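Shown next: structure_5.cif, containing mmCIF, C-alpha atoms.
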```cif
data_model
#
loop_
_atom_site.label_atom_id
_atom_site.label_comp_id
_atom_site.auth_asym_id
_atom_site.auth_seq_id
_atom_site.Cartn_x
_atom_site.Cartn_y
_atom_site.Cartn_z
CA MET C 1298 -16.85 -35.65 10.50
CA ARG C 1299 -18.84 -32.87 8.86
CA ARG C 1300 -16.12 -30.39 9.70
CA LEU C 1301 -13.50 -32.71 8.20
CA ASN C 1302 -15.54 -33.11 5.04
CA GLY C 1303 -15.86 -29.31 4.86
CA LEU C 1304 -12.09 -28.98 4.95
CA LEU C 1305 -11.72 -31.41 2.06
CA HIS C 1306 -14.08 -29.63 -0.31
CA SER C 1307 -13.95 -26.27 -2.03
CA ARG C 1308 -16.65 -23.77 -1.14
CA GLY C 1309 -16.53 -22.40 -4.67
CA THR C 1310 -14.25 -20.17 -6.69
CA LEU C 1311 -13.20 -16.66 -5.87
CA ALA C 1312 -15.26 -15.42 -8.81
CA GLU C 1313 -18.37 -17.05 -7.37
CA LEU C 1314 -17.87 -15.93 -3.78
CA PHE C 1315 -16.24 -12.52 -4.06
CA SER C 1316 -18.43 -9.44 -3.90
CA SER C 1317 -17.19 -5.87 -4.04
CA ARG C 1318 -19.79 -5.02 -1.38
CA ALA C 1319 -19.19 -8.02 0.88
CA ASN C 1320 -15.51 -8.76 1.55
CA SER C 1321 -12.98 -8.18 4.30
CA PHE C 1322 -10.37 -6.26 2.31
CA GLY C 1323 -11.01 -3.18 4.43
CA LEU C 1324 -10.32 -5.08 7.64
CA LEU C 1325 -7.21 -6.69 6.18
CA ARG C 1326 -5.78 -3.35 5.06
CA LEU C 1327 -6.49 -1.87 8.49
CA ALA C 1328 -4.83 -4.84 10.21
CA LEU C 1329 -1.78 -4.64 7.95
CA ALA C 1330 -1.39 -0.88 8.50
CA THR C 1331 -1.69 -1.35 12.28
CA ALA C 1332 0.85 -4.17 12.14
CA VAL C 1333 3.33 -1.78 10.51
CA VAL C 1334 2.95 0.61 13.46
CA VAL C 1335 3.46 -2.28 15.91
CA SER C 1336 6.55 -3.42 14.00
CA HIS C 1337 8.11 0.06 13.95
CA LEU C 1338 7.67 0.33 17.72
CA TYR C 1339 10.82 -1.74 18.22
CA PRO C 1340 13.43 -0.12 15.93
CA LEU C 1341 12.19 3.43 16.52
CA GLY C 1342 11.86 3.24 20.28
CA TYR C 1343 14.44 0.64 21.22
CA GLY C 1344 16.82 -0.02 18.30
CA PRO C 1345 16.49 -3.70 17.24
CA LEU C 1346 13.87 -4.89 14.77
CA ASP C 1347 10.74 -6.62 16.02
CA PRO C 1348 11.09 -10.21 17.36
CA VAL C 1349 9.92 -11.83 14.10
CA TRP C 1350 13.16 -10.68 12.46
CA LEU C 1351 15.34 -13.02 14.52
CA ARG C 1352 12.77 -15.79 14.79
CA SER C 1353 12.46 -15.93 10.99
CA GLY C 1354 16.22 -16.17 10.55
CA GLN C 1355 16.36 -12.54 9.41
CA GLN C 1356 14.05 -13.25 6.50
CA THR C 1357 11.43 -10.68 7.43
CA ASP C 1358 9.70 -8.81 10.22
CA ILE C 1359 6.08 -7.87 10.90
CA GLY C 1360 6.35 -4.59 8.99
CA LYS C 1361 7.85 -6.11 5.86
CA MET C 1362 5.28 -8.91 5.81
CA SER C 1363 2.56 -6.27 6.10
CA VAL C 1364 3.99 -4.43 3.10
CA VAL C 1365 3.95 -7.72 1.17
CA GLY C 1366 0.30 -8.14 2.13
CA PHE C 1367 -0.50 -4.62 0.93
CA PHE C 1368 1.08 -5.36 -2.46
CA VAL C 1369 -0.84 -8.61 -2.85
CA LEU C 1370 -4.19 -6.92 -2.14
CA SER C 1371 -3.22 -3.89 -4.22
CA GLY C 1372 -2.36 -6.09 -7.19
CA PHE C 1373 -5.82 -7.64 -7.01
CA MET C 1374 -7.78 -4.39 -6.64
CA ILE C 1375 -5.72 -2.17 -8.94
CA THR C 1376 -5.77 -4.71 -11.76
CA GLY C 1377 -9.55 -4.87 -11.44
CA SER C 1378 -9.69 -1.09 -11.74
CA GLY C 1379 -7.44 -1.19 -14.80
CA ARG C 1380 -9.77 -3.66 -16.52
CA ARG C 1381 -12.95 -1.70 -15.76
CA THR C 1382 -11.95 1.87 -16.61
CA SER C 1383 -10.30 3.84 -19.38
CA ILE C 1384 -6.63 4.68 -19.01
CA GLY C 1385 -7.43 8.33 -18.31
CA ARG C 1386 -10.00 7.55 -15.65
CA TYR C 1387 -7.75 4.86 -14.15
CA SER C 1388 -4.82 7.27 -13.84
CA TRP C 1389 -7.05 9.93 -12.29
CA HIS C 1390 -8.44 7.49 -9.71
CA ARG C 1391 -4.98 6.24 -8.70
CA ALA C 1392 -3.60 9.76 -8.35
CA LEU C 1393 -6.57 10.81 -6.20
CA ARG C 1394 -6.13 7.83 -3.90
CA ILE C 1395 -2.42 8.24 -3.25
CA LEU C 1396 -1.24 11.82 -3.75
CA PRO C 1397 -3.63 14.10 -1.80
CA GLY C 1398 -3.28 12.03 1.38
CA LEU C 1399 0.48 11.84 0.94
CA TRP C 1400 0.83 15.58 0.34
CA GLY C 1401 -1.35 16.34 3.36
CA SER C 1402 0.80 14.12 5.58
CA LEU C 1403 3.98 15.76 4.28
CA LEU C 1404 2.68 19.23 5.07
CA ILE C 1405 1.49 18.26 8.55
CA SER C 1406 4.71 16.41 9.34
CA THR C 1407 7.10 18.97 7.87
CA LEU C 1408 5.36 22.19 8.87
CA VAL C 1409 3.74 21.20 12.19
CA ILE C 1410 5.18 18.08 13.87
CA ILE C 1411 8.85 18.50 12.99
CA PRO C 1412 9.01 22.25 13.85
CA PHE C 1413 7.44 21.39 17.21
CA LEU C 1414 10.11 18.73 17.83
CA TYR C 1415 12.88 21.07 16.69
CA HIS C 1416 11.66 23.73 19.12
CA TYR C 1417 11.39 21.11 21.86
CA ALA C 1418 15.00 20.06 21.28
CA HIS C 1419 16.57 23.51 20.77
CA GLY C 1420 14.29 25.91 22.63
CA SER C 1421 13.59 27.93 19.47
CA LEU C 1422 13.16 27.62 15.70
CA ALA C 1423 16.41 29.44 14.96
CA GLY C 1424 18.11 27.70 12.04
CA PHE C 1425 15.13 25.49 11.21
CA TRP C 1426 13.64 27.20 8.17
CA ASN C 1427 16.92 28.17 6.46
CA HIS C 1428 18.71 24.88 7.16
CA PRO C 1429 20.39 23.35 4.02
CA GLN C 1430 18.32 20.22 4.58
CA GLY C 1431 15.28 22.19 5.70
CA PRO C 1432 11.55 21.65 5.14
CA LEU C 1433 11.45 23.00 1.59
CA ASN C 1434 14.25 20.68 0.51
CA TYR C 1435 12.45 17.73 2.12
CA LEU C 1436 9.13 18.55 0.47
CA LYS C 1437 10.75 18.99 -2.95
CA GLY C 1438 12.36 15.58 -2.65
CA THR C 1439 9.39 13.72 -1.20
CA TRP C 1440 6.23 14.99 -2.94
CA ASN C 1441 6.68 12.33 -5.66
CA THR C 1442 7.80 9.60 -3.19
CA SER C 1443 11.36 9.65 -4.58
CA LEU C 1444 12.80 10.73 -1.19
CA SER C 1445 15.60 12.45 -3.08
CA GLY C 1446 15.74 15.28 -0.50
CA GLY C 1447 16.96 13.01 2.27
CA TRP C 1448 15.22 11.42 5.24
CA ASP C 1449 15.56 14.14 7.89
CA VAL C 1450 14.39 17.77 8.18
CA SER C 1451 16.83 20.36 9.55
CA GLY C 1452 18.67 17.70 11.54
CA THR C 1453 15.71 17.27 13.90
CA ILE C 1454 15.75 13.47 14.10
CA HIS C 1455 19.56 13.47 14.07
CA GLU C 1456 19.42 15.51 17.27
CA GLY C 1457 17.18 12.85 18.79
CA ILE C 1458 19.71 10.18 17.81
CA ARG C 1459 22.51 12.24 19.38
CA ARG C 1460 20.53 12.45 22.62
CA GLY C 1461 19.72 8.75 22.59
CA THR C 1462 15.94 9.09 22.31
CA ASN C 1463 15.70 8.04 18.67
CA HIS C 1464 17.30 5.18 16.75
CA ASP C 1465 16.36 5.86 13.11
CA GLN C 1466 17.31 8.92 11.06
CA SER C 1467 14.02 9.17 9.11
CA VAL C 1468 11.14 11.57 9.58
CA ASN C 1469 8.96 9.01 7.81
CA GLY C 1470 10.77 5.86 6.76
CA ALA C 1471 7.47 4.13 5.96
CA LEU C 1472 7.22 6.12 2.74
CA TRP C 1473 9.91 4.00 1.09
CA SER C 1474 7.36 1.55 -0.36
CA LEU C 1475 5.09 4.12 -2.01
CA LYS C 1476 7.26 4.65 -5.08
CA TYR C 1477 7.24 0.90 -5.72
CA GLU C 1478 3.46 0.94 -5.49
CA LEU C 1479 3.24 3.90 -7.87
CA LEU C 1480 5.46 2.07 -10.34
CA CYS C 1481 3.12 -0.94 -10.15
CA TYR C 1482 0.19 1.40 -10.84
CA VAL C 1483 1.96 2.73 -13.92
CA MET C 1484 2.70 -0.81 -15.07
CA VAL C 1485 -0.97 -1.83 -14.76
CA GLY C 1486 -2.04 1.32 -16.62
CA LEU C 1487 0.29 0.54 -19.52
CA LEU C 1488 -0.85 -3.08 -19.66
CA ALA C 1489 -4.49 -1.98 -19.59
CA ALA C 1490 -3.92 0.55 -22.35
CA GLY C 1491 -2.25 -2.14 -24.45
CA GLY C 1492 -5.18 -4.53 -23.99
CA VAL C 1493 -3.07 -7.08 -22.10
CA LEU C 1494 -5.44 -7.32 -19.15
CA THR C 1495 -8.37 -8.26 -21.37
CA LYS C 1496 -6.88 -9.90 -24.46
CA ALA C 1497 -3.62 -11.45 -23.22
CA ARG C 1498 -4.16 -12.02 -19.53
CA ARG C 1499 -1.79 -15.01 -19.44
CA PHE C 1500 1.07 -12.50 -19.63
CA ILE C 1501 0.51 -11.62 -15.95
CA PRO C 1502 1.04 -15.09 -14.43
CA LEU C 1503 3.95 -15.64 -16.83
CA ALA C 1504 5.58 -12.42 -15.65
CA ALA C 1505 4.99 -13.43 -12.03
CA PHE C 1506 6.56 -16.82 -12.75
CA ALA C 1507 9.61 -15.16 -14.32
CA LEU C 1508 10.16 -13.07 -11.19
CA TRP C 1509 9.61 -16.16 -9.04
CA VAL C 1510 12.38 -17.95 -10.96
CA LEU C 1511 14.76 -15.07 -10.20
CA ILE C 1512 13.88 -15.28 -6.50
CA LEU C 1513 14.25 -19.08 -6.54
CA ASN C 1514 17.68 -18.79 -8.18
CA ASP C 1515 18.83 -16.30 -5.54
CA TRP C 1516 17.56 -18.59 -2.78
CA LEU C 1517 19.32 -21.66 -4.17
CA ASN C 1518 22.58 -19.69 -4.46
CA ALA C 1519 22.30 -18.21 -0.96
CA PRO C 1520 24.67 -19.47 1.80
CA GLY C 1521 21.76 -20.96 3.78
CA TRP C 1522 18.03 -21.67 3.58
CA ARG C 1523 17.19 -18.72 5.82
CA GLY C 1524 17.88 -15.05 5.28
CA ILE C 1525 17.13 -12.59 2.50
CA PRO C 1526 18.07 -13.96 -0.94
CA GLY C 1527 19.60 -11.68 -3.55
CA ASP C 1528 21.67 -8.50 -3.69
CA MET C 1529 20.23 -5.71 -1.54
CA GLY C 1530 22.67 -3.05 -2.75
CA THR C 1531 21.89 -2.71 -6.47
CA TYR C 1532 19.73 0.25 -7.54
CA VAL C 1533 18.34 1.53 -10.83
CA ALA C 1534 17.25 5.08 -11.61
CA VAL C 1535 13.59 5.38 -12.57
CA PRO C 1536 12.36 8.68 -14.06
CA LEU C 1537 10.55 10.87 -11.51
CA LEU C 1538 10.64 8.16 -8.83
CA GLY C 1539 14.42 8.15 -8.37
CA GLY C 1540 16.63 5.26 -7.28
CA MET C 1541 14.87 1.94 -6.72
CA SER C 1542 16.28 -1.27 -5.28
CA VAL C 1543 16.39 -4.16 -7.75
CA HIS C 1544 15.67 -6.50 -4.83
CA PHE C 1545 12.40 -4.77 -3.99
CA LEU C 1546 11.49 -4.34 -7.65
CA VAL C 1547 11.67 -8.11 -8.03
CA HIS C 1548 10.13 -9.18 -4.71
CA LEU C 1549 7.37 -6.58 -4.46
CA GLY C 1550 6.70 -6.85 -8.18
CA PHE C 1551 6.27 -10.60 -7.73
CA VAL C 1552 3.67 -10.38 -4.96
CA PHE C 1553 1.85 -7.55 -6.76
CA LEU C 1554 1.62 -9.75 -9.85
CA LEU C 1555 0.36 -12.62 -7.71
CA GLY C 1556 -2.57 -10.44 -6.69
CA ALA C 1557 -3.06 -9.32 -10.29
CA ALA C 1558 -3.09 -12.92 -11.52
CA VAL C 1559 -5.71 -13.86 -8.93
CA GLN C 1560 -7.86 -10.98 -10.17
CA LEU C 1561 -7.59 -12.09 -13.80
CA TYR C 1562 -8.17 -15.78 -13.04
CA ARG C 1563 -10.73 -15.52 -10.23
CA GLU C 1564 -12.83 -18.23 -11.83
CA LYS C 1565 -9.97 -20.72 -11.35
CA VAL C 1566 -8.99 -19.85 -7.75
CA PRO C 1567 -10.76 -22.14 -5.23
CA VAL C 1568 -11.79 -20.87 -1.82
CA HIS C 1569 -10.89 -23.99 0.10
CA ASP C 1570 -10.57 -24.30 3.88
CA GLY C 1571 -8.16 -27.21 3.56
CA LEU C 1572 -5.91 -25.23 1.21
CA ALA C 1573 -5.99 -22.34 3.65
CA LEU C 1574 -4.79 -24.66 6.42
CA VAL C 1575 -2.00 -25.95 4.18
CA ALA C 1576 -1.06 -22.36 3.31
CA LEU C 1577 -0.92 -21.43 7.00
CA LEU C 1578 1.32 -24.41 7.78
CA THR C 1579 3.51 -23.60 4.78
CA LEU C 1580 3.90 -20.01 5.93
CA ALA C 1581 4.84 -21.14 9.45
CA VAL C 1582 7.37 -23.69 8.17
CA THR C 1583 9.07 -21.26 5.79
CA MET C 1584 9.20 -18.57 8.46
CA ARG C 1585 10.97 -21.04 10.76
CA TRP C 1586 13.24 -22.97 8.40
CA GLY C 1587 13.58 -20.83 5.27
CA GLY C 1588 12.11 -20.39 1.82
CA LEU C 1589 9.69 -17.63 2.82
CA PHE C 1590 10.25 -15.60 -0.35
CA VAL C 1591 9.84 -18.57 -2.69
CA ILE C 1592 7.11 -20.64 -1.01
CA GLY C 1593 5.84 -18.59 1.92
CA TYR C 1594 4.83 -15.51 -0.06
CA PRO C 1595 2.41 -17.39 -2.35
CA ALA C 1596 0.99 -19.16 0.72
CA PHE C 1597 0.55 -15.82 2.49
CA ALA C 1598 -1.19 -14.41 -0.60
CA TYR C 1599 -3.68 -17.28 -0.65
CA LEU C 1600 -4.37 -16.83 3.08
CA LEU C 1601 -5.23 -13.17 2.54
CA PHE C 1602 -7.77 -13.96 -0.18
CA TRP C 1603 -9.23 -16.79 1.88
CA LEU C 1604 -9.65 -14.42 4.84
CA ALA C 1605 -11.23 -11.79 2.60
CA ILE C 1606 -13.96 -14.27 1.71
CA ARG C 1607 -14.29 -16.45 4.81
CA LEU C 1608 -14.20 -13.97 7.70
CA PRO C 1609 -17.66 -13.53 9.31
CA ARG C 1610 -20.00 -10.95 7.82
CA PRO C 1611 -19.56 -8.32 10.60
CA PHE C 1612 -15.90 -7.99 9.61
CA GLN C 1613 -16.91 -7.22 6.04
CA THR C 1614 -18.25 -3.79 6.99
CA VAL C 1615 -14.89 -2.54 8.32
CA GLY C 1616 -13.38 0.11 6.09
CA ARG C 1617 -16.23 0.10 3.58
CA LYS C 1618 -17.25 3.70 4.26
CA ARG C 1619 -14.23 4.97 6.22
CA ASP C 1620 -10.84 3.62 5.24
CA PHE C 1621 -8.22 4.80 7.74
CA SER C 1622 -5.58 2.26 6.64
CA TYR C 1623 -3.67 4.59 4.32
CA GLY C 1624 -3.63 7.36 6.90
CA ILE C 1625 -2.35 4.97 9.57
CA TYR C 1626 0.43 3.88 7.24
CA ILE C 1627 1.62 7.36 6.26
CA TYR C 1628 1.42 8.91 9.75
CA GLY C 1629 2.42 6.08 12.10
CA PHE C 1630 6.18 6.30 11.62
CA THR C 1631 6.36 10.06 12.20
CA VAL C 1632 4.14 9.82 15.27
CA GLU C 1633 6.36 7.13 16.77
CA GLN C 1634 9.48 9.18 16.08
CA ALA C 1635 7.88 12.20 17.76
CA LEU C 1636 6.79 10.25 20.83
CA ALA C 1637 10.24 8.69 21.15
CA MET C 1638 11.86 12.14 21.14
CA LEU C 1639 9.34 13.31 23.74
CA GLY C 1640 10.38 10.48 26.04
CA PHE C 1641 7.40 8.12 25.85
CA VAL C 1642 9.69 5.11 25.46
CA LYS C 1643 10.59 5.22 29.15
CA TYR C 1644 7.01 4.31 30.06
CA GLY C 1645 7.38 0.90 28.41
CA LYS C 1646 6.16 -0.72 25.21
CA PRO C 1647 2.42 -0.91 26.07
CA ILE C 1648 2.15 2.81 26.89
CA TYR C 1649 4.36 3.84 23.98
CA LEU C 1650 2.34 1.72 21.54
CA ALA C 1651 -1.03 2.84 22.91
CA ALA C 1652 -0.04 6.50 22.61
CA ALA C 1653 1.33 5.95 19.10
CA LEU C 1654 -1.82 4.18 17.90
CA ALA C 1655 -4.12 6.78 19.48
CA CYS C 1656 -2.31 9.73 17.89
CA THR C 1657 -1.96 7.94 14.57
CA VAL C 1658 -5.66 7.06 14.37
CA VAL C 1659 -6.59 10.69 15.10
CA LEU C 1660 -4.36 11.90 12.26
CA ALA C 1661 -5.62 9.10 9.97
CA ALA C 1662 -9.22 10.11 10.67
CA PHE C 1663 -8.37 13.73 9.92
CA SER C 1664 -6.69 12.66 6.70
CA TRP C 1665 -9.72 10.62 5.64
CA TYR C 1666 -12.41 13.19 6.42
CA ALA C 1667 -10.49 16.33 5.42
CA ILE C 1668 -8.37 15.13 2.50
CA GLU C 1669 -8.81 11.60 1.16
CA SER C 1670 -12.59 11.32 1.09
CA PRO C 1671 -13.14 14.81 -0.44
CA ALA C 1672 -10.50 14.00 -3.05
CA MET C 1673 -12.18 10.70 -3.95
CA ARG C 1674 -15.46 12.52 -4.51
CA LEU C 1675 -13.77 14.03 -7.56
CA LYS C 1676 -13.23 10.64 -9.18
CA ASP C 1677 -16.03 11.17 -11.72
CA TRP C 1678 -14.99 14.73 -12.53
CA THR C 1679 -14.30 15.37 -16.22
CA PRO C 1680 -12.56 18.52 -17.53
CA ARG C 1681 -15.09 20.66 -19.38
CA PRO C 1682 -13.32 20.53 -22.80
CA ILE C 1683 -13.14 16.73 -22.64
CA ALA C 1684 -16.81 16.46 -21.58
CA ARG C 1685 -17.86 18.61 -24.54
CA LEU C 1686 -15.68 16.62 -26.94
CA LYS C 1687 -17.19 13.35 -25.73
CA ALA C 1688 -20.67 14.79 -26.14
CA ARG C 1689 -19.99 15.88 -29.73
CA ARG C 1690 -18.60 12.48 -30.64
CA ALA C 1691 -21.57 10.68 -29.07
CA ALA C 1692 -23.97 12.99 -30.85
CA ALA C 1693 -22.20 12.35 -34.14
CA ARG C 1694 -22.56 8.60 -33.60
CA GLY C 1695 -26.28 9.06 -32.88
CA GLU C 1696 -26.77 11.08 -36.05
CA ALA C 1697 -24.82 8.53 -38.10
CA ALA C 1698 -27.10 5.84 -36.73
CA GLY C 1699 -30.13 7.87 -37.77
CA ASP C 1700 -31.36 8.51 -34.22
CA PRO C 1701 -31.88 12.26 -33.69
CA ALA C 1702 -33.35 11.67 -30.21
CA GLN C 1703 -30.23 9.85 -29.10
CA ALA C 1704 -28.04 12.60 -30.54
CA ALA C 1705 -30.01 15.26 -28.64
CA ALA C 1706 -29.82 13.23 -25.46
CA GLU C 1707 -26.07 12.80 -25.75
CA THR C 1708 -25.63 16.51 -26.41
CA ALA C 1709 -27.69 17.38 -23.32
CA LYS C 1710 -25.74 14.85 -21.26
CA GLY C 1711 -22.43 16.34 -22.36
CA ALA C 1712 -23.63 19.83 -21.53
CA ALA C 1713 -24.66 18.68 -18.06
CA GLU C 1714 -21.27 17.04 -17.49
CA ALA C 1715 -19.49 20.18 -18.61
CA THR C 1716 -21.60 22.24 -16.19
CA ARG C 1717 -20.83 19.87 -13.31
CA SER C 1718 -17.14 19.99 -14.17
CA SER C 1719 -17.21 23.77 -14.07
CA VAL C 1720 -18.98 23.82 -10.70
CA ARG C 1721 -16.66 21.23 -9.13
CA ALA C 1722 -13.57 23.00 -10.42
#
```
As structure tokens - that is how I would like this structure written.
Amino acid sequence: MRRLNGLLHSRGTLAELFSSRANSFGLLRLALATAVVVSHLYPLGYGPLDPVWLRSGQQTDIGKMSVVGFFVLSGFMITGSGRRTSIGRYSWHRALRILPGLWGSLLISTLVIIPFLYHYAHGSLAGFWNHPQGPLNYLKGTWNTSLSGGWDVSGTIHEGIRRGTNHDQSVNGALWSLKYELLCYVMVGLLAAGGVLTKARRFIPLAAFALWVLILNDWLNAPGWRGIPGDMGTYVAVPLLGGMSVHFLVHLGFVFLLGAAVQLYREKVPVHDGLALVALLTLAVTMRWGGLFVIGYPAFAYLLFWLAIRLPRPFQTVGRKRDFSYGIYIYGFTVEQALAMLGFVKYGKPIYLAAALACTVVLAAFSWYAIESPAMRLKDWTPRPIARLKARRAAARGEAAGDPAQAAAETAKGAAEATRSSVRA
């Protein structure tokens, strides 16, 4: 009876129960990234998508649901960052979190892994470096996540497809979602700069509702209740980021805004075990009979936030100091392609997956310790001219207020920041 009563009552709101130092977001991100690797095991090693694709009526698969989960959590966390920091500091933080790790993975994949595979397939590197679709072309088209240089490098993966070891033409197909995430970051930055996140926060749920209406309309006009609603073939050109699917702009934008709305209205979001059970049942029903995009996505979003709060305390330490999730996401696909070309598929799914996860985690750890973590230590860095300008303005305010001590303190603080900036640079 006590357990039943517990299910029928809220444990409090997200604002009351959420702590930046005690939550399971790190574990959830790690689980989602690992799920992407598990999902890619099937199409990369064997051809068909993972079993969830058919069982959901071709609505989704494990990898796509994981990407949806990433966007929900990202919407929550990135919107919080946009509210707390200036637009300059926000932009700097977002660039440090995404780009150094991405660039490191591109260099390792393009200049180490793919040349090794090319040599394995051809017996030499003849024709690799000067190939029309060679490594330089790939790097030029991928550094900004636009993927405008194509998906393969010097025909390496194509050779694997010709030999029957590989089933996807991409060196790293998992990168497709990053430009949509970057666009969401830009959107949050613009909204923060315009004061929307603090003075007109209702705009966020209204925007999410507008996208939901578009998804609902597509679903109602679809031939059946199951399957992907909407046109998958329409693209728009976005400056710097290249062509972007309207379908993913709407669907990923919707779940990102769901996370953003939860961040802005944390005091109104109940953490309720009964609601979590209803959300789980709703997700299962929509996965089986249809309506995942319209009803299942919001249910999935609520489940993620409930898990972030309600998972036992030991899980809340995962990823707090060492976050390998991004590294797992950006390396897993390439590792699986490499192992498929090397013949690991013939050993069966358990061995193939174990080898892929082991190699991916090693690369993710390298990325964290050698690239991502050092880059994030620069988050408080301020260019010396800007530090001096801020110091002069603060000193001027102190003098205007008639507080010479404050003015001197601000001047000394600015000088110290400028010195630190010089040393770090």
Residues returned when the PyMOL selection byres ((chain C and resi 1588) around 12) runs on this file, as an mmCIF file with C-alpha atoms, in the frame of the given file:
```
data_model
loop_
_atom_site.group_PDB
_atom_site.id
_atom_site.type_symbol
_atom_site.label_atom_id
_atom_site.label_comp_id
_atom_site.auth_asym_id
_atom_site.auth_seq_id
_atom_site.Cartn_x
_atom_site.Cartn_y
_atom_site.Cartn_z
ATOM 1 C CA SER C 1353 12.460 -15.930 10.990
ATOM 2 C CA GLY C 1354 16.220 -16.170 10.550
ATOM 3 C CA GLN C 1355 16.360 -12.540 9.410
ATOM 4 C CA GLN C 1356 14.050 -13.250 6.500
ATOM 5 C CA THR C 1357 11.430 -10.680 7.430
ATOM 6 C CA TRP C 1509 9.610 -16.160 -9.040
ATOM 7 C CA ILE C 1512 13.880 -15.280 -6.500
ATOM 8 C CA LEU C 1513 14.250 -19.080 -6.540
ATOM 9 C CA ASN C 1514 17.680 -18.790 -8.180
ATOM 10 C CA ASP C 1515 18.830 -16.300 -5.540
ATOM 11 C CA TRP C 1516 17.560 -18.590 -2.780
ATOM 12 C CA LEU C 1517 19.320 -21.660 -4.170
ATOM 13 C CA ALA C 1519 22.300 -18.210 -0.960
ATOM 14 C CA GLY C 1521 21.760 -20.960 3.780
ATOM 15 C CA TRP C 1522 18.030 -21.670 3.580
ATOM 16 C CA ARG C 1523 17.190 -18.720 5.820
ATOM 17 C CA GLY C 1524 17.880 -15.050 5.280
ATOM 18 C CA ILE C 1525 17.130 -12.590 2.500
ATOM 19 C CA PRO C 1526 18.070 -13.960 -0.940
ATOM 20 C CA THR C 1579 3.510 -23.600 4.780
ATOM 21 C CA LEU C 1580 3.900 -20.010 5.930
ATOM 22 C CA ALA C 1581 4.840 -21.140 9.450
ATOM 23 C CA VAL C 1582 7.370 -23.690 8.170
ATOM 24 C CA THR C 1583 9.070 -21.260 5.790
ATOM 25 C CA MET C 1584 9.200 -18.570 8.460
ATOM 26 C CA ARG C 1585 10.970 -21.040 10.760
ATOM 27 C CA TRP C 1586 13.240 -22.970 8.400
ATOM 28 C CA GLY C 1587 13.580 -20.830 5.270
ATOM 29 C CA LEU C 1589 9.690 -17.630 2.820
ATOM 30 C CA PHE C 1590 10.250 -15.600 -0.350
ATOM 31 C CA VAL C 1591 9.840 -18.570 -2.690
ATOM 32 C CA ILE C 1592 7.110 -20.640 -1.010
ATOM 33 C CA GLY C 1593 5.840 -18.590 1.920
ATOM 34 C CA TYR C 1594 4.830 -15.510 -0.060
ATOM 35 C CA PRO C 1595 2.410 -17.390 -2.350
ATOM 36 C CA ALA C 1596 0.990 -19.160 0.720
#
```
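For the residues C:Val1568, C:Leu1475, C:Met1529, C:Leu1555, ranking by smallest atom-to-atom distance to C:Val1543 using only C-alpha atoms places C:Met1529 first.
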What gap, in Å, lies between atom CA of C:Leu1508 and atom CA of C:Phe1322?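 Atom CA of C:Phe1322 lies at a distance of 25.5 Å from atom CA of C:Leu1508.
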So how many Å separate atom CA of C:Leu1675 and atom CA of C:Asn1441, to one decimal? 20.6 Å
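Among the candidates C:Pro1567, C:Gly1527, C:Gly1447, C:Gly1486, the one nearest to C:Gly1470 when counting only C-alpha atoms is C:Gly1447.
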Selected by the PyMOL selection byres ((chain C and resi 1433) around 12) in the shown coordinates: which residues, as an MDAnalysis selection string? chainID C and resid 1403:1404 1407:1408 1425:1432 1434:1440 1446:1447 1449:1451
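Atom CA of C:Thr1382 sits 11.5 Å away from atom CA of C:Leu1494.
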Excluding C:Arg1619 and any residue of its chain fewer than 5 positions from it, enumerate the residues within 10 Å of it, using all atoms listed in the file, and give them as a PyMOL selection string. chain C and resi 1323+1614+1662+1665-1666+1669-1670
Could you save those same residues with C-alpha atoms as a short mmCIF file (atom, residue, chain, number, x, y, z; two decimals), in the frame of the given file?
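The file below, result-v2.cif, is the result:
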```cif
data_model
loop_
_atom_site.label_atom_id
_atom_site.label_comp_id
_atom_site.auth_asym_id
_atom_site.auth_seq_id
_atom_site.Cartn_x
_atom_site.Cartn_y
_atom_site.Cartn_z
CA GLY C 1323 -11.01 -3.18 4.43
CA THR C 1614 -18.25 -3.79 6.99
CA ALA C 1662 -9.22 10.11 10.67
CA TRP C 1665 -9.72 10.62 5.64
CA TYR C 1666 -12.41 13.19 6.42
CA GLU C 1669 -8.81 11.60 1.16
CA SER C 1670 -12.59 11.32 1.09
#
```
Would you pick out the contacts of C:Arg1326 at 9 Å or less, using all atoms listed in the file, so that residues sharing its chain but fewer than 3 positions from it are not included, and give the list as a ChimeraX atom specification? /C:1321-1323,1329-1331,1363,1366-1367,1370,1616,1620-1623
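Summary of the local environment: counting only C-alpha atoms, residues at most 10 Å from C:Gln1613, other than itself and those fewer than 4 positions away along its chain, are Arg1318, Ala1319, Asn1320, Ser1321, Phe1322, Gly1323, Leu1324, Leu1325, Ala1605, Ile1606, Arg1607, Leu1608, Pro1609 and Arg1617 of chain C.
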